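Source file: model_36.cif; contents: mmCIF, C-alpha atoms.
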```cif
data_protein
#
loop_
_atom_site.label_atom_id
_atom_site.label_comp_id
_atom_site.auth_asym_id
_atom_site.auth_seq_id
_atom_site.Cartn_x
_atom_site.Cartn_y
_atom_site.Cartn_z
CA MET I 37 3.31 0.20 -14.79
CA HIS I 38 0.42 -0.36 -17.20
CA LEU I 39 -2.27 -2.98 -16.64
CA VAL I 40 -4.98 -3.51 -19.23
CA ARG I 41 -8.34 -5.19 -18.84
CA TRP I 42 -11.49 -5.43 -20.85
CA ARG I 43 -14.95 -4.38 -19.82
CA PRO I 44 -17.65 -5.13 -18.60
CA ILE I 45 -17.50 -3.52 -15.20
CA ARG I 46 -18.21 -5.43 -11.99
CA ALA I 47 -21.84 -5.93 -11.08
CA GLU I 48 -21.53 -4.08 -7.80
CA CYS I 49 -20.75 -0.86 -9.66
CA ARG I 50 -24.33 -0.80 -10.80
CA ILE I 51 -25.55 -0.48 -7.22
CA LEU I 52 -23.19 2.40 -6.61
CA SER I 53 -24.75 5.72 -5.60
CA ALA I 54 -22.97 9.03 -5.73
CA CYS I 55 -24.15 10.33 -2.37
CA LEU I 56 -21.61 13.08 -2.60
CA LEU I 57 -23.06 14.88 -5.60
CA LEU I 58 -23.30 18.61 -5.27
CA ALA I 59 -26.75 20.04 -5.72
CA GLY I 60 -25.79 21.67 -8.99
CA VAL I 61 -24.79 18.34 -10.50
CA LEU I 62 -28.35 17.12 -10.04
CA ALA I 63 -29.67 19.89 -12.24
CA ALA I 64 -31.02 19.38 -15.73
CA PRO I 65 -29.63 16.13 -17.19
CA ALA I 66 -27.20 16.22 -20.06
CA SER I 67 -28.11 14.28 -23.16
CA ALA I 68 -25.84 11.59 -24.52
CA GLN I 69 -23.67 12.05 -27.57
CA THR I 70 -25.74 11.58 -30.69
CA ALA I 71 -24.46 10.13 -33.92
CA GLY I 72 -22.64 12.59 -36.15
CA GLU I 73 -21.73 15.14 -33.46
CA GLY I 74 -18.09 15.93 -32.77
CA LEU I 75 -16.38 14.60 -29.66
CA SER I 76 -14.18 16.47 -27.21
CA PRO I 77 -10.44 15.66 -27.44
CA THR I 78 -10.49 13.13 -24.58
CA LEU I 79 -13.58 11.34 -25.85
CA ALA I 80 -12.34 11.41 -29.44
CA ASN I 81 -9.10 9.73 -28.41
CA ILE I 82 -10.98 7.12 -26.38
CA LYS I 83 -13.21 6.35 -29.35
CA ALA I 84 -10.21 6.06 -31.67
CA THR I 85 -8.21 3.79 -29.34
CA HIS I 86 -11.16 1.94 -27.76
CA THR I 87 -9.32 2.51 -24.47
CA VAL I 88 -9.76 4.57 -21.31
CA ARG I 89 -6.53 5.25 -19.43
CA ILE I 90 -7.06 5.24 -15.68
CA GLY I 91 -4.44 6.53 -13.28
CA TYR I 92 -4.32 4.47 -10.09
CA ARG I 93 -2.40 4.57 -6.82
CA GLU I 94 -0.59 1.55 -5.41
CA SER I 95 -0.99 2.35 -1.72
CA SER I 96 -4.09 4.45 -1.04
CA PRO I 97 -6.47 1.89 0.49
CA PRO I 98 -9.43 1.70 0.30
CA PHE I 99 -9.62 4.16 -2.61
CA SER I 100 -6.99 2.78 -4.96
CA PHE I 101 -4.52 0.01 -4.15
CA LEU I 102 -3.29 -3.39 -5.29
CA ASP I 103 -4.82 -6.73 -4.34
CA HIS I 104 -2.77 -9.89 -3.77
CA SER I 105 -2.54 -10.38 -7.53
CA ASN I 106 -1.24 -6.82 -8.04
CA ARG I 107 -4.55 -5.82 -9.63
CA PRO I 108 -5.77 -2.26 -8.96
CA ILE I 109 -8.93 -2.22 -6.85
CA GLY I 110 -10.79 0.23 -4.62
CA TYR I 111 -13.67 2.59 -4.02
CA SER I 112 -12.41 5.24 -6.44
CA LEU I 113 -11.85 2.65 -9.14
CA GLU I 114 -15.44 1.48 -8.83
CA LEU I 115 -16.57 5.06 -9.31
CA CYS I 116 -14.38 5.26 -12.39
CA ASP I 117 -15.88 2.02 -13.70
CA ALA I 118 -19.24 3.79 -13.75
CA ILE I 119 -17.71 6.75 -15.59
CA VAL I 120 -16.15 4.40 -18.15
CA GLU I 121 -19.54 2.82 -18.73
CA GLU I 122 -21.04 6.25 -19.38
CA ILE I 123 -18.16 7.10 -21.71
CA GLY I 124 -18.97 3.93 -23.63
CA THR I 125 -22.51 5.17 -24.12
CA GLU I 126 -21.25 8.59 -25.22
CA VAL I 127 -18.82 7.25 -27.83
CA ASP I 128 -21.05 4.32 -28.83
CA ASP I 129 -18.57 1.64 -27.77
CA ALA I 130 -19.77 -0.86 -25.16
CA ASN I 131 -16.48 -2.79 -25.20
CA LEU I 132 -13.95 -0.22 -24.11
CA LYS I 133 -10.67 -1.44 -22.66
CA VAL I 134 -9.25 0.02 -19.45
CA ASP I 135 -5.52 0.69 -19.36
CA TYR I 136 -4.33 1.13 -15.78
CA VAL I 137 -1.42 3.55 -15.42
CA LYS I 138 0.39 3.88 -12.09
CA VAL I 139 0.67 7.44 -10.77
CA THR I 140 2.07 8.97 -7.60
CA SER I 141 1.07 11.97 -5.50
CA ASP I 142 3.72 14.01 -7.25
CA ASP I 143 3.04 13.11 -10.89
CA ARG I 144 -0.75 12.54 -10.94
CA ILE I 145 -1.70 16.12 -11.90
CA PRO I 146 0.92 16.32 -14.70
CA ALA I 147 -0.31 12.92 -15.92
CA VAL I 148 -3.79 14.41 -16.43
CA VAL I 149 -2.60 17.73 -17.86
CA GLN I 150 -0.10 16.10 -20.24
CA ASN I 151 -2.69 13.66 -21.59
CA LYS I 152 -1.03 10.54 -20.15
CA ILE I 153 -4.26 9.43 -18.45
CA ASP I 154 -7.95 10.22 -18.96
CA LEU I 155 -9.17 9.74 -15.36
CA GLU I 156 -7.22 9.80 -12.10
CA CYS I 157 -8.95 7.48 -9.66
CA GLY I 158 -7.23 7.69 -6.33
CA SER I 159 -7.37 9.80 -3.18
CA THR I 160 -6.95 13.28 -4.59
CA THR I 161 -8.06 16.45 -2.85
CA ALA I 162 -10.17 18.75 -5.01
CA ASN I 163 -9.27 22.33 -4.15
CA SER I 164 -9.34 25.70 -5.88
CA GLU I 165 -5.60 25.73 -6.57
CA ARG I 166 -5.67 22.38 -8.35
CA ALA I 167 -8.87 23.34 -10.16
CA LYS I 168 -6.79 25.89 -12.09
CA GLN I 169 -5.08 22.95 -13.81
CA VAL I 170 -7.58 20.07 -13.81
CA ALA I 171 -11.27 19.32 -13.47
CA PHE I 172 -12.87 17.28 -10.69
CA SER I 173 -15.87 15.02 -10.43
CA PRO I 174 -18.50 15.63 -7.76
CA LEU I 175 -17.28 14.96 -4.23
CA ILE I 176 -16.51 11.31 -3.44
CA PHE I 177 -15.16 11.51 0.14
CA VAL I 178 -14.05 13.95 2.84
CA ALA I 179 -10.81 13.46 4.75
CA GLY I 180 -8.24 15.58 6.57
CA THR I 181 -4.61 15.58 7.66
CA LYS I 182 -3.81 13.73 10.89
CA LEU I 183 -0.76 12.07 12.39
CA MET I 184 0.35 8.45 12.60
CA VAL I 185 2.69 7.87 15.54
CA PRO I 186 4.08 4.88 17.42
CA LYS I 187 1.50 3.57 19.85
CA ALA I 188 3.88 4.03 22.76
CA SER I 189 4.50 7.65 21.81
CA GLY I 190 3.16 10.41 24.03
CA VAL I 191 2.19 12.51 21.00
CA THR I 192 -1.45 13.56 20.94
CA GLN I 193 -1.21 16.74 18.85
CA ILE I 194 1.14 18.44 16.41
CA ALA I 195 2.64 20.67 19.12
CA ASP I 196 4.00 17.56 20.87
CA LEU I 197 6.31 17.03 17.88
CA LYS I 198 8.20 20.29 18.37
CA GLY I 199 11.73 19.94 17.01
CA LYS I 200 11.06 16.40 15.73
CA THR I 201 10.84 14.81 12.28
CA VAL I 202 7.58 14.46 10.38
CA VAL I 203 7.39 12.62 7.06
CA VAL I 204 4.86 13.59 4.39
CA THR I 205 4.29 12.26 0.90
CA LYS I 206 5.58 14.59 -1.80
CA GLY I 207 3.00 16.47 -3.82
CA THR I 208 0.16 16.14 -1.30
CA THR I 209 -1.96 18.77 0.41
CA ASN I 210 -0.67 17.26 3.65
CA GLU I 211 2.82 18.54 2.86
CA GLN I 212 1.44 22.06 2.60
CA ALA I 213 -0.65 21.65 5.76
CA ILE I 214 2.33 20.54 7.85
CA ASN I 215 4.55 23.31 6.51
CA ASN I 216 1.84 25.87 7.28
CA VAL I 217 1.30 24.73 10.87
CA ASN I 218 5.06 24.44 11.38
CA ALA I 219 5.51 28.09 10.40
CA LYS I 220 2.44 29.33 12.25
CA GLN I 221 3.29 27.65 15.55
CA SER I 222 7.10 27.94 15.22
CA LEU I 223 7.50 24.23 15.92
CA GLY I 224 10.89 23.78 14.30
CA LEU I 225 9.77 20.55 12.65
CA ASN I 226 12.09 18.68 10.35
CA VAL I 227 9.65 18.01 7.50
CA VAL I 228 10.90 15.31 5.12
CA THR I 229 9.21 13.89 2.03
CA SER I 230 8.99 10.51 0.35
CA PRO I 231 7.61 9.54 -3.08
CA ASP I 232 4.57 7.55 -1.92
CA HIS I 233 2.47 6.71 1.13
CA GLU I 234 4.01 3.25 1.47
CA GLN I 235 7.49 4.71 1.65
CA SER I 236 6.36 7.36 4.13
CA TYR I 237 4.92 4.61 6.29
CA GLN I 238 8.19 2.68 6.05
CA MET I 239 10.16 5.69 7.26
CA LEU I 240 8.04 5.69 10.41
CA VAL I 241 8.54 1.93 10.80
CA ASP I 242 12.30 2.34 10.43
CA GLY I 243 12.44 5.10 13.04
CA LYS I 244 13.53 7.71 10.50
CA ALA I 245 10.53 9.89 11.40
CA ASP I 246 8.61 10.53 14.61
CA ALA I 247 5.29 10.89 12.80
CA PHE I 248 3.72 10.40 9.38
CA ALA I 249 1.19 13.05 8.35
CA THR I 250 -1.43 12.36 5.69
CA ASP I 251 -5.21 12.00 5.33
CA ASP I 252 -6.72 10.14 8.28
CA ILE I 253 -8.50 7.53 6.16
CA LEU I 254 -5.25 6.64 4.40
CA LEU I 255 -3.49 6.25 7.73
CA TYR I 256 -6.20 3.87 8.93
CA GLY I 257 -5.91 1.99 5.64
CA LEU I 258 -2.15 1.56 5.95
CA ILE I 259 -2.37 0.42 9.57
CA ALA I 260 -5.02 -2.14 8.61
CA ARG I 261 -3.10 -3.33 5.58
CA HIS I 262 0.08 -3.87 7.59
CA LYS I 263 -1.83 -5.26 10.59
CA SER I 264 0.09 -2.79 12.75
CA GLN I 265 -2.70 -1.76 15.13
CA ASP I 266 -0.49 -2.78 18.04
CA LYS I 267 2.38 -0.60 16.79
CA PHE I 268 0.84 2.62 15.49
CA ARG I 269 -2.14 4.88 16.10
CA VAL I 270 -3.77 7.91 14.47
CA THR I 271 -3.95 11.05 16.55
CA GLY I 272 -4.24 14.83 16.60
CA ASP I 273 -6.73 17.43 15.43
CA TYR I 274 -7.48 17.80 11.74
CA LEU I 275 -4.82 20.00 10.16
CA SER I 276 -6.60 20.35 6.82
CA TYR I 277 -9.91 19.75 5.06
CA ASP I 278 -9.57 17.45 2.07
CA PRO I 279 -12.60 16.75 -0.15
CA TYR I 280 -11.76 14.05 -2.71
CA GLY I 281 -12.68 13.94 -6.38
CA ILE I 282 -11.89 12.04 -9.59
CA MET I 283 -9.57 14.10 -11.81
CA TYR I 284 -9.85 14.61 -15.56
CA ARG I 285 -8.76 17.22 -18.08
CA LYS I 286 -9.98 20.75 -17.67
CA GLY I 287 -11.89 22.67 -20.33
CA GLU I 288 -13.83 19.80 -21.94
CA LYS I 289 -17.50 20.44 -21.32
CA GLN I 290 -18.59 17.23 -22.99
CA MET I 291 -16.32 15.16 -20.74
CA LYS I 292 -17.63 17.09 -17.73
CA ASP I 293 -21.20 16.29 -18.80
CA VAL I 294 -20.35 12.59 -19.14
CA VAL I 295 -18.75 12.43 -15.68
CA GLU I 296 -21.65 14.24 -14.03
CA ARG I 297 -24.20 12.13 -15.88
CA ALA I 298 -22.49 9.00 -14.54
CA PHE I 299 -22.80 10.36 -11.01
CA ARG I 300 -26.44 11.33 -11.52
CA ARG I 301 -27.23 7.82 -12.69
CA LEU I 302 -25.47 6.33 -9.67
CA ALA I 303 -27.25 8.74 -7.35
CA SER I 304 -30.66 7.66 -8.60
CA ASN I 305 -30.12 4.23 -7.04
CA ARG I 306 -29.73 5.71 -3.51
CA ASP I 307 -27.69 2.73 -2.37
CA ILE I 308 -24.44 4.33 -1.22
CA VAL I 309 -24.46 2.79 2.27
CA PRO I 310 -23.81 -0.80 1.09
CA LEU I 311 -21.02 0.49 -1.14
CA TYR I 312 -19.50 2.49 1.70
CA ASN I 313 -19.73 -0.55 3.96
CA LYS I 314 -18.00 -2.68 1.34
CA TRP I 315 -14.87 -0.52 1.31
CA PHE I 316 -14.86 1.14 4.74
CA ILE I 317 -16.63 -1.25 7.14
CA ALA I 318 -16.55 -4.79 5.73
CA ARG I 319 -13.41 -6.84 5.22
CA LEU I 320 -11.54 -5.69 2.11
CA PRO I 321 -10.68 -8.14 -0.69
CA THR I 322 -7.12 -8.14 0.66
CA GLY I 323 -8.35 -9.21 4.10
CA GLU I 324 -8.20 -6.01 6.16
CA LYS I 325 -10.99 -4.18 7.95
CA LEU I 326 -10.91 -0.41 8.40
CA ASN I 327 -14.02 -0.02 10.58
CA VAL I 328 -14.28 3.68 9.67
CA ALA I 329 -17.80 4.95 10.27
CA ILE I 330 -19.53 7.33 7.88
CA SER I 331 -18.63 10.91 8.76
CA PRO I 332 -21.25 13.54 9.61
CA GLN I 333 -20.43 15.28 6.33
CA LEU I 334 -21.26 12.13 4.36
CA GLU I 335 -24.43 11.55 6.36
CA GLU I 336 -25.52 15.07 5.47
CA ALA I 337 -24.65 14.46 1.82
CA PHE I 338 -26.83 11.33 1.87
CA LYS I 339 -29.75 13.38 3.21
CA VAL I 340 -29.29 16.08 0.58
CA LEU I 341 -29.17 13.44 -2.14
CA ASP I 342 -32.37 11.80 -0.90
CA GLU I 343 -34.11 15.15 -0.91
CA THR I 344 -33.11 15.82 -4.52
CA GLN I 345 -34.42 12.56 -5.95
#
```
Structure re-expressed in structure tokens:
Amino acid sequence: MHLVRWRPIRAECRILSACLLLAGVLAAPASAQTAGEGLSPTLANIKATHTVRIGYRESSPPFSFLDHSNRPIGYSLELCDAIVEEIGTEVDDANLKVDYVKVTSDDRIPAVVQNKIDLECGSTTANSERAKQVAFSPLIFVAGTKLMVPKASGVTQIADLKGKTVVVTKGTTNEQAINNVNAKQSLGLNVVTSPDHEQSYQMLVDGKADAFATDDILLYGLIARHKSQDKFRVTGDYLSYDPYGIMYRKGEKQMKDVVERAFRRLASNRDIVPLYNKWFIARLPTGEKLNVAISPQLEEAFKVLDETQ
């Protein structure tokens, strides 16, 4: 599914602040592309086509999901709007189009590597294994694997699911986390996969699984979106650590500089709390409320960012 729209970006993107920048990203600023210099492959293609291809997820609220008009929206997409604006400066084109390309957990990394998209703006964990194939923006969120179970269930931790069925979304770090804990604790879990978070959720609804394991924030988002607070709950200890980032092609220093420059510019505003509240505390454009407080890790990142300004 491809959806195309023209710039300019939404006004609220300009108040965005990249609280999650690593200290190294705030080092000496990179200078913009000057006339006559060559462009990296990604930027050259964007300049030639006047288009940035953004990979989005259909069911990863509040990072990347569809509104009631089937338009991609979310926290990650707002971050990518800021990157697109910086790309426009780099390639000297203030009227870039955005072509939205649907991706899944399983095909998002190949989509970047095979040059099908320029930015992947979803809920993707940035880890060392994936960094062998793709590049990541500075940190945008921190999550971890937990369990969604029926509210009436007695399950409070992974060990309570011994011998039962757990669904995970194919191609996620959660799949690896569940398989690891299953082997380590000899739980005898029946681990099944589905193509996307929405389908994993539906397996739990249909009674085909006893639990759905994925990042806690995505579980809260799905419960809110389906208004199923009276049916399901999130439980258990964290089974993984999942720092999120925006993906793009590896090995293009100029693209890396553009992405990091976009984050530095956002960071200089120091207004991440209103943005966080928009997507994680306030009512979403689709009507749900997550009511997920800022984590200690994010609070610390805010402090570090303030100290570096």
Compute the distance from (-7.9, 14.2, 6.9) to each atom, counting only C-alpha atoms, keep the residues with any atom at most 6 Å away, and return them as a list of chain:residue names; use the coordinates of the file. I:Ala179, I:Gly180, I:Thr181, I:Lys182, I:Asp251, I:Asp252
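In terms of minimum interatomic distance to Thr250 of chain I, I:Thr205 ranks closest within I:Asn215, I:Thr78, I:Asn313, I:Thr205, counting all atoms listed in the file.
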Long-range neighbours of segment 85-99 of chain I as JSON, numbers by chain, 8 Å cut-off, only C-alpha atoms, 3 positions minimum in chain: {"I": [81, 82, 102, 108, 109, 110, 111, 112, 113, 120, 129, 131, 132, 133, 134, 135, 136, 137, 138, 139, 140, 144, 152, 153, 154, 155, 156, 157, 158, 159, 232, 233, 234, 254, 257, 258, 315, 316, 320]}
Take the residues from that selection and write them out as a PDB file, keeping the file's coordinate frame, keeping C-alpha atoms.
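Written file, part-v6.pdb:
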```pdb
ATOM      1  CA  ASN I  81      -9.100   9.730 -28.410  1.00  0.00           C
ATOM      2  CA  ILE I  82     -10.980   7.120 -26.380  1.00  0.00           C
ATOM      3  CA  LEU I 102      -3.290  -3.390  -5.290  1.00  0.00           C
ATOM      4  CA  PRO I 108      -5.770  -2.260  -8.960  1.00  0.00           C
ATOM      5  CA  ILE I 109      -8.930  -2.220  -6.850  1.00  0.00           C
ATOM      6  CA  GLY I 110     -10.790   0.230  -4.620  1.00  0.00           C
ATOM      7  CA  TYR I 111     -13.670   2.590  -4.020  1.00  0.00           C
ATOM      8  CA  SER I 112     -12.410   5.240  -6.440  1.00  0.00           C
ATOM      9  CA  LEU I 113     -11.850   2.650  -9.140  1.00  0.00           C
ATOM     10  CA  VAL I 120     -16.150   4.400 -18.150  1.00  0.00           C
ATOM     11  CA  ASP I 129     -18.570   1.640 -27.770  1.00  0.00           C
ATOM     12  CA  ASN I 131     -16.480  -2.790 -25.200  1.00  0.00           C
ATOM     13  CA  LEU I 132     -13.950  -0.220 -24.110  1.00  0.00           C
ATOM     14  CA  LYS I 133     -10.670  -1.440 -22.660  1.00  0.00           C
ATOM     15  CA  VAL I 134      -9.250   0.020 -19.450  1.00  0.00           C
ATOM     16  CA  ASP I 135      -5.520   0.690 -19.360  1.00  0.00           C
ATOM     17  CA  TYR I 136      -4.330   1.130 -15.780  1.00  0.00           C
ATOM     18  CA  VAL I 137      -1.420   3.550 -15.420  1.00  0.00           C
ATOM     19  CA  LYS I 138       0.390   3.880 -12.090  1.00  0.00           C
ATOM     20  CA  VAL I 139       0.670   7.440 -10.770  1.00  0.00           C
ATOM     21  CA  THR I 140       2.070   8.970  -7.600  1.00  0.00           C
ATOM     22  CA  ARG I 144      -0.750  12.540 -10.940  1.00  0.00           C
ATOM     23  CA  LYS I 152      -1.030  10.540 -20.150  1.00  0.00           C
ATOM     24  CA  ILE I 153      -4.260   9.430 -18.450  1.00  0.00           C
ATOM     25  CA  ASP I 154      -7.950  10.220 -18.960  1.00  0.00           C
ATOM     26  CA  LEU I 155      -9.170   9.740 -15.360  1.00  0.00           C
ATOM     27  CA  GLU I 156      -7.220   9.800 -12.100  1.00  0.00           C
ATOM     28  CA  CYS I 157      -8.950   7.480  -9.660  1.00  0.00           C
ATOM     29  CA  GLY I 158      -7.230   7.690  -6.330  1.00  0.00           C
ATOM     30  CA  SER I 159      -7.370   9.800  -3.180  1.00  0.00           C
ATOM     31  CA  ASP I 232       4.570   7.550  -1.920  1.00  0.00           C
ATOM     32  CA  HIS I 233       2.470   6.710   1.130  1.00  0.00           C
ATOM     33  CA  GLU I 234       4.010   3.250   1.470  1.00  0.00           C
ATOM     34  CA  LEU I 254      -5.250   6.640   4.400  1.00  0.00           C
ATOM     35  CA  GLY I 257      -5.910   1.990   5.640  1.00  0.00           C
ATOM     36  CA  LEU I 258      -2.150   1.560   5.950  1.00  0.00           C
ATOM     37  CA  TRP I 315     -14.870  -0.520   1.310  1.00  0.00           C
ATOM     38  CA  PHE I 316     -14.860   1.140   4.740  1.00  0.00           C
ATOM     39  CA  LEU I 320     -11.540  -5.690   2.110  1.00  0.00           C
TER      40      LEU I 320
END
```
Go through I:Ser304, I:Ser276, I:Ser264, I:Thr160 one by one, measure the shortest atom-to-atom distance of each to Asn216 of chain I using only C-alpha atoms, and give the residue with the smallest value. I:Ser276
Got a sec to check which residues sit within 12 Å of (-15.1, 19.3, -17.1), counting all atoms listed in the file, and write them as a count of residues only? 31
Straight-line distance linking atom CA of Ala80 of chain I with atom CA of Leu115 of chain I, stated in Å to one decimal: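 It comes out at 21.5 Å.
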Residues selected by the PyMOL selection byres ((chain I and resi 237-241) around 12), written as JSON, numbers by chain: {"I": [95, 96, 183, 184, 185, 186, 187, 201, 202, 203, 204, 205, 228, 229, 230, 231, 232, 233, 234, 235, 236, 242, 243, 244, 245, 246, 247, 248, 249, 250, 254, 255, 256, 257, 258, 259, 261, 262, 264, 267, 268, 269]}
Selected by the PyMOL selection byres ((chain I and resi 217) around 12) in the shown coordinates: which residues, as a short mmCIF file (atom, residue, chain, number, x, y, z; two decimals) with C-alpha atoms, in the frame of the given file?
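The file below, part10.cif, is the result:
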```cif
data_model
loop_
_atom_site.label_atom_id
_atom_site.label_comp_id
_atom_site.auth_asym_id
_atom_site.auth_seq_id
_atom_site.Cartn_x
_atom_site.Cartn_y
_atom_site.Cartn_z
CA THR I 181 -4.61 15.58 7.66
CA GLN I 193 -1.21 16.74 18.85
CA ILE I 194 1.14 18.44 16.41
CA ALA I 195 2.64 20.67 19.12
CA LEU I 197 6.31 17.03 17.88
CA LYS I 198 8.20 20.29 18.37
CA ASN I 210 -0.67 17.26 3.65
CA GLU I 211 2.82 18.54 2.86
CA GLN I 212 1.44 22.06 2.60
CA ALA I 213 -0.65 21.65 5.76
CA ILE I 214 2.33 20.54 7.85
CA ASN I 215 4.55 23.31 6.51
CA ASN I 216 1.84 25.87 7.28
CA ASN I 218 5.06 24.44 11.38
CA ALA I 219 5.51 28.09 10.40
CA LYS I 220 2.44 29.33 12.25
CA GLN I 221 3.29 27.65 15.55
CA SER I 222 7.10 27.94 15.22
CA LEU I 223 7.50 24.23 15.92
CA GLY I 224 10.89 23.78 14.30
CA LEU I 225 9.77 20.55 12.65
CA VAL I 227 9.65 18.01 7.50
CA ALA I 249 1.19 13.05 8.35
CA ASP I 273 -6.73 17.43 15.43
CA TYR I 274 -7.48 17.80 11.74
CA LEU I 275 -4.82 20.00 10.16
CA SER I 276 -6.60 20.35 6.82
#
```
